[in-house]
Amino acid sequence: MTLSRRKLLGAALALPVLAACGNEAASASDRKKVRLTYGAISVPKTRGVFEQTLKDQGIDVEWVGPFPNHAPTLQAVATNTADFSFGGSSTPADQALLSGNKLVYVAWASSKPRTSSIIVLPNSGIKSVKDLAGKNVAVNKAGLGEFLLVAALEKYGVPRDSVTFTYLNPPDAAPAFGSGKVDAWSIWSGPLELAEVQYGAQRIFEDGKELDKQIDFSSYLVREDYAKKEGDTIRKVIAAYKTEQDWANANPAEAQKIGNAVSKYPQAVVDKLVAANVQVTWSLINDDGIAQLQAGADWLSEHKVLSDKIKIADHAVKL
């Protein structure tokens, strides 16, 4: 079955928004409602343009959340309390599919630079990945954090069983890291920069600088039955997300200002995020997306981050 897929943050975005519907509002009986998950920071939700764009095309948005990371949004979609996951990591998405959830990829994104990192406290005595032997590291299970730690240990020849993987989602990992209850933290942008400002955290491994290819991708998934019935709605939603991301790529300072109305990060964190100028490129699922997601999934299954092998084409919809 080949059916058709960026951060937000996380945790979101299209070909120029379709104007086929013009400015005519659909009649009440013809209107659609779409339930979209969102994270602690959501420029599409906060800015308001995204929601109005869909409203003008006869689609009313209901926001479901906030969620700390991608895995619980996948569960919300699988249990029919939401329609779209929120543009998060493909690693937990693959694991959700392997666990039997009837979901499909409809959009995917690549990011440059890739800033997800393993960080340590300045007084930890840990100066490199090799120093992680005998230590415990906070990661999100079957997620970006776990993948990055596995990749780092392999690159520097550190036995995997010499490191304790402490499975925590960001809301619990942050205080554990700050208080020294874990020795290191494998984490993505946002919480990463906040830890640098709050705790003086230092990066000892950074995805884009250490790995020669992207393994984990941003992704949107919907239920299989929804994809079969709502192809037009999916295209319009992803188009609106992509347009929003294109705006954020071109206006990083304004996008961070809008996001910070929710996150309320210290200005030093916002400055770091703006300076990073991460550019995210979204697309509906296509042959390139399937190939890149498959290459990433193959690496993840080979390295036992995923519980088994997966064929992405069987869980992807081209629209």
# chains A, B, ... in the order shown; residues from 1 in each chain; ligands from 1
call {"tool": "residues_around", "arguments": {"residues": "segment 230-233 of chain A", "least_positions_apart": "2", "cutoff": "12 Å", "atoms": "only C-alpha atoms", "output": "tab-separated table (two decimals) with N, CA, C and O atoms, in the first residue's frame"}}
result
chain	number	residue	atom	x	y	z
A	3	LEU	N	0.15	4.94	-0.03
A	3	LEU	CA	-0.88	5.97	0.01
A	3	LEU	C	-0.25	7.39	-0.05
A	3	LEU	O	0.76	7.50	-0.66
A	4	SER	N	-0.04	9.33	1.00
A	4	SER	CA	1.05	10.44	1.14
A	4	SER	C	1.20	11.32	2.30
A	4	SER	O	0.75	12.09	2.52
A	18	LEU	N	-3.74	26.70	-1.64
A	18	LEU	CA	-4.62	26.61	-2.79
A	18	LEU	C	-5.69	27.69	-2.73
A	18	LEU	O	-6.34	27.89	-1.73
A	20	ALA	N	-8.20	27.65	-4.94
A	20	ALA	CA	-9.29	27.13	-5.75
A	20	ALA	C	-10.65	27.46	-5.15
A	20	ALA	O	-11.64	27.60	-5.85
A	21	CYS	N	-10.68	27.54	-3.83
A	21	CYS	CA	-11.96	27.82	-3.19
A	21	CYS	C	-12.28	29.31	-3.18
A	21	CYS	O	-13.33	29.73	-2.72
A	31	ARG	N	-18.88	22.48	5.60
A	31	ARG	CA	-17.63	22.75	6.30
A	31	ARG	C	-17.06	21.48	6.91
A	31	ARG	O	-17.78	20.57	7.31
A	32	LYS	N	-15.74	21.44	6.96
A	32	LYS	CA	-15.02	20.35	7.60
A	32	LYS	C	-14.47	20.84	8.94
A	32	LYS	O	-14.23	22.03	9.13
A	33	LYS	N	-14.24	19.90	9.85
A	33	LYS	CA	-13.52	20.21	11.08
A	33	LYS	C	-12.31	19.30	11.15
A	33	LYS	O	-12.43	18.09	10.92
A	34	VAL	N	-11.15	19.87	11.46
A	34	VAL	CA	-9.95	19.07	11.59
A	34	VAL	C	-9.36	19.31	12.98
A	34	VAL	O	-9.30	20.44	13.47
A	35	ARG	N	-8.98	18.22	13.64
A	35	ARG	CA	-8.43	18.28	15.00
A	35	ARG	C	-6.91	18.13	14.92
A	35	ARG	O	-6.41	17.07	14.54
A	54	LEU	N	-7.21	28.08	6.60
A	54	LEU	CA	-8.06	26.90	6.46
A	54	LEU	C	-9.54	27.27	6.57
A	54	LEU	O	-10.38	26.69	5.86
A	55	LYS	N	-9.86	28.21	7.42
A	55	LYS	CA	-11.25	28.64	7.55
A	55	LYS	C	-11.79	29.15	6.22
A	55	LYS	O	-12.93	28.86	5.84
A	57	GLN	N	-11.04	28.14	3.45
A	57	GLN	CA	-11.21	27.00	2.54
A	57	GLN	C	-12.27	26.02	3.06
A	57	GLN	O	-12.36	24.89	2.58
A	58	GLY	N	-13.04	26.46	4.06
A	58	GLY	CA	-14.12	25.62	4.56
A	58	GLY	C	-13.70	24.60	5.59
A	58	GLY	O	-14.40	23.62	5.83
A	59	ILE	N	-12.56	24.83	6.26
A	59	ILE	CA	-12.06	23.89	7.26
A	59	ILE	C	-11.89	24.60	8.59
A	59	ILE	O	-11.12	25.57	8.69
A	60	ASP	N	-12.60	24.16	9.60
A	60	ASP	CA	-12.48	24.73	10.94
A	60	ASP	C	-11.51	23.90	11.77
A	60	ASP	O	-11.56	22.67	11.76
A	61	VAL	N	-10.63	24.59	12.48
A	61	VAL	CA	-9.57	23.93	13.25
A	61	VAL	C	-9.96	23.82	14.71
A	61	VAL	O	-10.39	24.80	15.33
A	83	ASP	N	-6.74	14.29	14.63
A	83	ASP	CA	-6.64	13.82	13.24
A	83	ASP	C	-5.21	13.83	12.70
A	83	ASP	O	-4.88	13.03	11.83
A	84	PHE	N	-4.36	14.75	13.18
A	84	PHE	CA	-2.98	14.86	12.71
A	84	PHE	C	-2.03	14.82	13.91
A	84	PHE	O	-2.26	15.49	14.91
A	106	VAL	N	1.86	11.26	5.98
A	106	VAL	CA	1.32	12.08	4.90
A	106	VAL	C	2.25	13.24	4.53
A	106	VAL	O	2.11	13.83	3.46
A	222	VAL	N	-1.55	10.52	9.99
A	222	VAL	CA	-2.98	10.48	10.23
A	222	VAL	C	-3.40	9.01	10.28
A	222	VAL	O	-2.60	8.11	9.98
A	223	ARG	N	-4.64	8.76	10.64
A	223	ARG	CA	-5.15	7.38	10.61
A	223	ARG	C	-5.32	6.92	9.17
A	223	ARG	O	-5.61	7.71	8.27
A	224	GLU	N	-5.17	5.61	8.95
A	224	GLU	CA	-5.35	5.05	7.61
A	224	GLU	C	-6.74	5.38	7.05
A	224	GLU	O	-6.86	5.80	5.90
A	225	ASP	N	-7.77	5.21	7.85
A	225	ASP	CA	-9.13	5.45	7.36
A	225	ASP	C	-9.34	6.93	7.04
A	225	ASP	O	-10.04	7.28	6.08
A	226	TYR	N	-8.72	7.81	7.81
A	226	TYR	CA	-8.84	9.25	7.55
A	226	TYR	C	-8.16	9.59	6.22
A	226	TYR	O	-8.68	10.39	5.43
A	227	ALA	N	-7.01	9.00	5.95
A	227	ALA	CA	-6.29	9.27	4.71
A	227	ALA	C	-7.12	8.85	3.50
A	227	ALA	O	-7.10	9.53	2.46
A	228	LYS	N	-7.84	7.76	3.62
A	228	LYS	CA	-8.65	7.27	2.51
A	228	LYS	C	-9.84	8.19	2.22
A	228	LYS	O	-10.25	8.35	1.08
A	235	ARG	N	-4.34	17.53	2.09
A	235	ARG	CA	-3.52	18.39	1.21
A	235	ARG	C	-3.59	19.85	1.65
A	235	ARG	O	-2.58	20.55	1.69
A	236	LYS	N	-4.78	20.30	1.99
A	236	LYS	CA	-4.95	21.71	2.39
A	236	LYS	C	-4.28	22.00	3.74
A	236	LYS	O	-3.67	23.05	3.93
A	237	VAL	N	-4.40	21.07	4.67
A	237	VAL	CA	-3.76	21.26	5.98
A	237	VAL	C	-2.25	21.30	5.84
A	237	VAL	O	-1.58	22.19	6.39
A	238	ILE	N	-1.68	20.35	5.10
A	238	ILE	CA	-0.23	20.33	4.94
A	238	ILE	C	0.24	21.54	4.15
A	238	ILE	O	1.29	22.13	4.43
A	239	ALA	N	-0.55	21.98	3.16
A	239	ALA	CA	-0.20	23.19	2.42
A	239	ALA	C	-0.14	24.40	3.35
A	239	ALA	O	0.76	25.23	3.27
A	240	ALA	N	-1.12	24.50	4.25
A	240	ALA	CA	-1.14	25.61	5.20
A	240	ALA	C	0.04	25.53	6.17
A	240	ALA	O	0.66	26.55	6.51
A	284	LEU	N	4.58	17.11	1.09
A	284	LEU	CA	3.75	15.91	1.14
A	284	LEU	C	4.64	14.70	0.88
A	284	LEU	O	5.70	14.81	0.27
A	317	VAL	N	1.30	7.59	2.48
A	317	VAL	CA	0.26	7.94	1.51
A	317	VAL	C	0.74	9.08	0.62
A	317	VAL	O	1.07	10.16	1.13
A	318	LYS	N	0.78	8.85	-0.66
A	318	LYS	CA	1.08	9.92	-1.62
A	318	LYS	C	-0.24	10.58	-2.02
A	318	LYS	O	-1.12	9.91	-2.55
A	319	LEU	N	-0.31	11.88	-1.82
A	319	LEU	CA	-1.54	12.60	-2.15
A	319	LEU	C	-1.28	13.66	-3.24
A	319	LEU	O	-0.22	14.23	-3.28
call {"tool": "select_by_dssp", "arguments": {"residues": "segment 89-305 of chain A", "states": "strand (DSSP E)", "output": "PyMOL selection string"}}
result
chain A and resi 89+103-112+117-120+136-139+164-167+184-187+202-206+218-223+279-284
call {"tool": "residues_around", "arguments": {"residues": "segment 303-315 of chain A", "least_positions_apart": "5", "cutoff": "10 Å", "atoms": "only C-alpha atoms", "output": "ChimeraX atom specification"}}
result
/A:1-4,91-92,94-99,102-106,141-144,146-148,150-151,154,221,224,285-287,289-295,297-298
call {"tool": "write_last_selection", "arguments": {"atoms": "C-alpha atoms", "output": "tab-separated table (two decimals), in the first residue's frame"}}
result
chain	number	residue	atom	x	y	z
A	1	MET	CA	0.00	0.00	0.00
A	2	THR	CA	1.54	3.27	-1.03
A	3	LEU	CA	-0.88	5.97	0.01
A	4	SER	CA	1.05	10.44	1.14
A	91	THR	CA	11.54	7.63	15.24
A	92	PRO	CA	8.55	7.32	17.62
A	94	ASP	CA	8.04	4.27	13.20
A	95	GLN	CA	7.73	2.59	16.59
A	96	ALA	CA	4.03	3.45	16.78
A	97	LEU	CA	3.55	1.77	13.41
A	98	LEU	CA	5.52	-1.28	14.53
A	99	SER	CA	3.30	-1.45	17.60
A	102	LYS	CA	-3.14	2.08	11.98
A	103	LEU	CA	-1.41	5.30	10.98
A	104	VAL	CA	0.20	6.55	7.77
A	105	TYR	CA	2.77	9.19	6.92
A	106	VAL	CA	1.32	12.08	4.90
A	141	LYS	CA	12.46	6.07	24.54
A	142	ALA	CA	12.37	5.07	20.84
A	143	GLY	CA	12.68	8.75	20.02
A	144	LEU	CA	15.16	11.31	18.79
A	146	GLU	CA	17.64	7.63	22.14
A	147	PHE	CA	18.65	7.56	18.47
A	148	LEU	CA	21.19	10.38	18.99
A	150	VAL	CA	23.09	5.38	20.18
A	151	ALA	CA	24.69	7.13	17.20
A	154	GLU	CA	28.77	3.99	18.08
A	221	LEU	CA	0.75	11.12	10.39
A	224	GLU	CA	-5.35	5.05	7.61
A	285	ILE	CA	5.00	12.33	1.11
A	286	ASN	CA	6.77	11.58	-2.16
A	287	ASP	CA	9.29	9.04	-3.45
A	289	GLY	CA	10.45	11.15	1.41
A	290	ILE	CA	9.75	7.42	1.42
A	291	ALA	CA	13.38	6.69	0.50
A	292	GLN	CA	14.84	8.97	3.18
A	293	LEU	CA	12.43	7.78	5.87
A	294	GLN	CA	13.25	4.19	4.91
A	295	ALA	CA	17.00	4.80	5.16
A	297	ALA	CA	14.24	3.47	9.72
A	298	ASP	CA	16.76	0.88	8.49
call {"tool": "residues_around", "arguments": {"residues": "Val269 of chain A", "least_positions_apart": "4", "cutoff": "7 Å", "atoms": "only C-alpha atoms", "output": "list in words"}}
result
Glu193, Leu194, Val197, Tyr265 and Leu273 of chain A
call {"tool": "write_last_selection", "arguments": {"atoms": "all heavy atoms", "output": "PDB file, in the first residue's frame"}}
result
ATOM      1  N   GLU A 193      18.492  24.786  24.248  1.00  0.00           N
ATOM      2  CA  GLU A 193      18.984  26.148  24.497  1.00  0.00           C
ATOM      3  C   GLU A 193      18.581  26.654  25.884  1.00  0.00           C
ATOM      4  O   GLU A 193      19.339  27.392  26.528  1.00  0.00           O
ATOM      5  CB  GLU A 193      18.462  27.097  23.418  1.00  0.00           C
ATOM      6  CG  GLU A 193      19.058  26.887  22.040  1.00  0.00           C
ATOM      7  CD  GLU A 193      18.399  25.759  21.264  1.00  0.00           C
ATOM      8  OE1 GLU A 193      17.422  25.148  21.779  1.00  0.00           O
ATOM      9  OE2 GLU A 193      18.853  25.466  20.141  1.00  0.00           O
ATOM     10  N   LEU A 194      17.408  26.235  26.354  1.00  0.00           N
ATOM     11  CA  LEU A 194      16.988  26.628  27.693  1.00  0.00           C
ATOM     12  C   LEU A 194      17.940  26.060  28.740  1.00  0.00           C
ATOM     13  O   LEU A 194      18.312  26.752  29.703  1.00  0.00           O
ATOM     14  CB  LEU A 194      15.559  26.153  27.967  1.00  0.00           C
ATOM     15  CG  LEU A 194      14.965  26.538  29.319  1.00  0.00           C
ATOM     16  CD1 LEU A 194      14.923  28.054  29.494  1.00  0.00           C
ATOM     17  CD2 LEU A 194      13.564  25.954  29.475  1.00  0.00           C
ATOM     18  N   VAL A 197      21.132  28.068  28.867  1.00  0.00           N
ATOM     19  CA  VAL A 197      21.002  29.351  29.568  1.00  0.00           C
ATOM     20  C   VAL A 197      20.778  29.143  31.060  1.00  0.00           C
ATOM     21  O   VAL A 197      21.390  29.820  31.900  1.00  0.00           O
ATOM     22  CB  VAL A 197      19.853  30.177  28.948  1.00  0.00           C
ATOM     23  CG1 VAL A 197      19.528  31.394  29.801  1.00  0.00           C
ATOM     24  CG2 VAL A 197      20.215  30.604  27.523  1.00  0.00           C
ATOM     25  N   TYR A 265      10.412  31.939  27.233  1.00  0.00           N
ATOM     26  CA  TYR A 265      11.827  31.697  27.456  1.00  0.00           C
ATOM     27  C   TYR A 265      12.533  33.012  27.817  1.00  0.00           C
ATOM     28  O   TYR A 265      12.121  34.089  27.358  1.00  0.00           O
ATOM     29  CB  TYR A 265      12.481  31.154  26.185  1.00  0.00           C
ATOM     30  CG  TYR A 265      12.220  29.699  25.878  1.00  0.00           C
ATOM     31  CD1 TYR A 265      12.269  29.251  24.555  1.00  0.00           C
ATOM     32  CD2 TYR A 265      11.966  28.770  26.879  1.00  0.00           C
ATOM     33  CE1 TYR A 265      12.061  27.913  24.244  1.00  0.00           C
ATOM     34  CE2 TYR A 265      11.750  27.445  26.578  1.00  0.00           C
ATOM     35  CZ  TYR A 265      11.802  27.019  25.258  1.00  0.00           C
ATOM     36  OH  TYR A 265      11.599  25.702  24.954  1.00  0.00           O
ATOM     37  N   LEU A 273      17.986  30.795  19.621  1.00  0.00           N
ATOM     38  CA  LEU A 273      17.128  30.153  18.627  1.00  0.00           C
ATOM     39  C   LEU A 273      17.115  30.938  17.321  1.00  0.00           C
ATOM     40  O   LEU A 273      17.163  30.358  16.229  1.00  0.00           O
ATOM     41  CB  LEU A 273      15.714  30.006  19.179  1.00  0.00           C
ATOM     42  CG  LEU A 273      15.565  29.012  20.335  1.00  0.00           C
ATOM     43  CD1 LEU A 273      14.195  29.169  21.002  1.00  0.00           C
ATOM     44  CD2 LEU A 273      15.753  27.579  19.851  1.00  0.00           C
TER      45      LEU A 273
END
call {"tool": "atom_distance", "arguments": {"atom1": "atom CA of Pro72 of chain A", "atom2": "atom CA of Ser219 of chain A"}}
result
13.9 Å
call {"tool": "atom_distance", "arguments": {"atom1": "atom CA of Asn249 of chain A", "atom2": "atom CA of Val280 of chain A"}}
result
6.9 Å
call {"tool": "select_by_dssp", "arguments": {"residues": "segment 140-265 of chain A", "states": "alpha helix (DSSP H)", "output": "VMD selection string"}}
result
chain A and resid 144 to 155 170 to 178 191 to 199 207 to 210 224 to 229 231 to 250 252 to 263
call {"tool": "closest_residue", "arguments": {"among": "A:Leu149, A:Val129, A:Leu192, A:Val120", "to": "Gly180 of chain A", "atoms": "only C-alpha atoms"}}
result
A:Val120
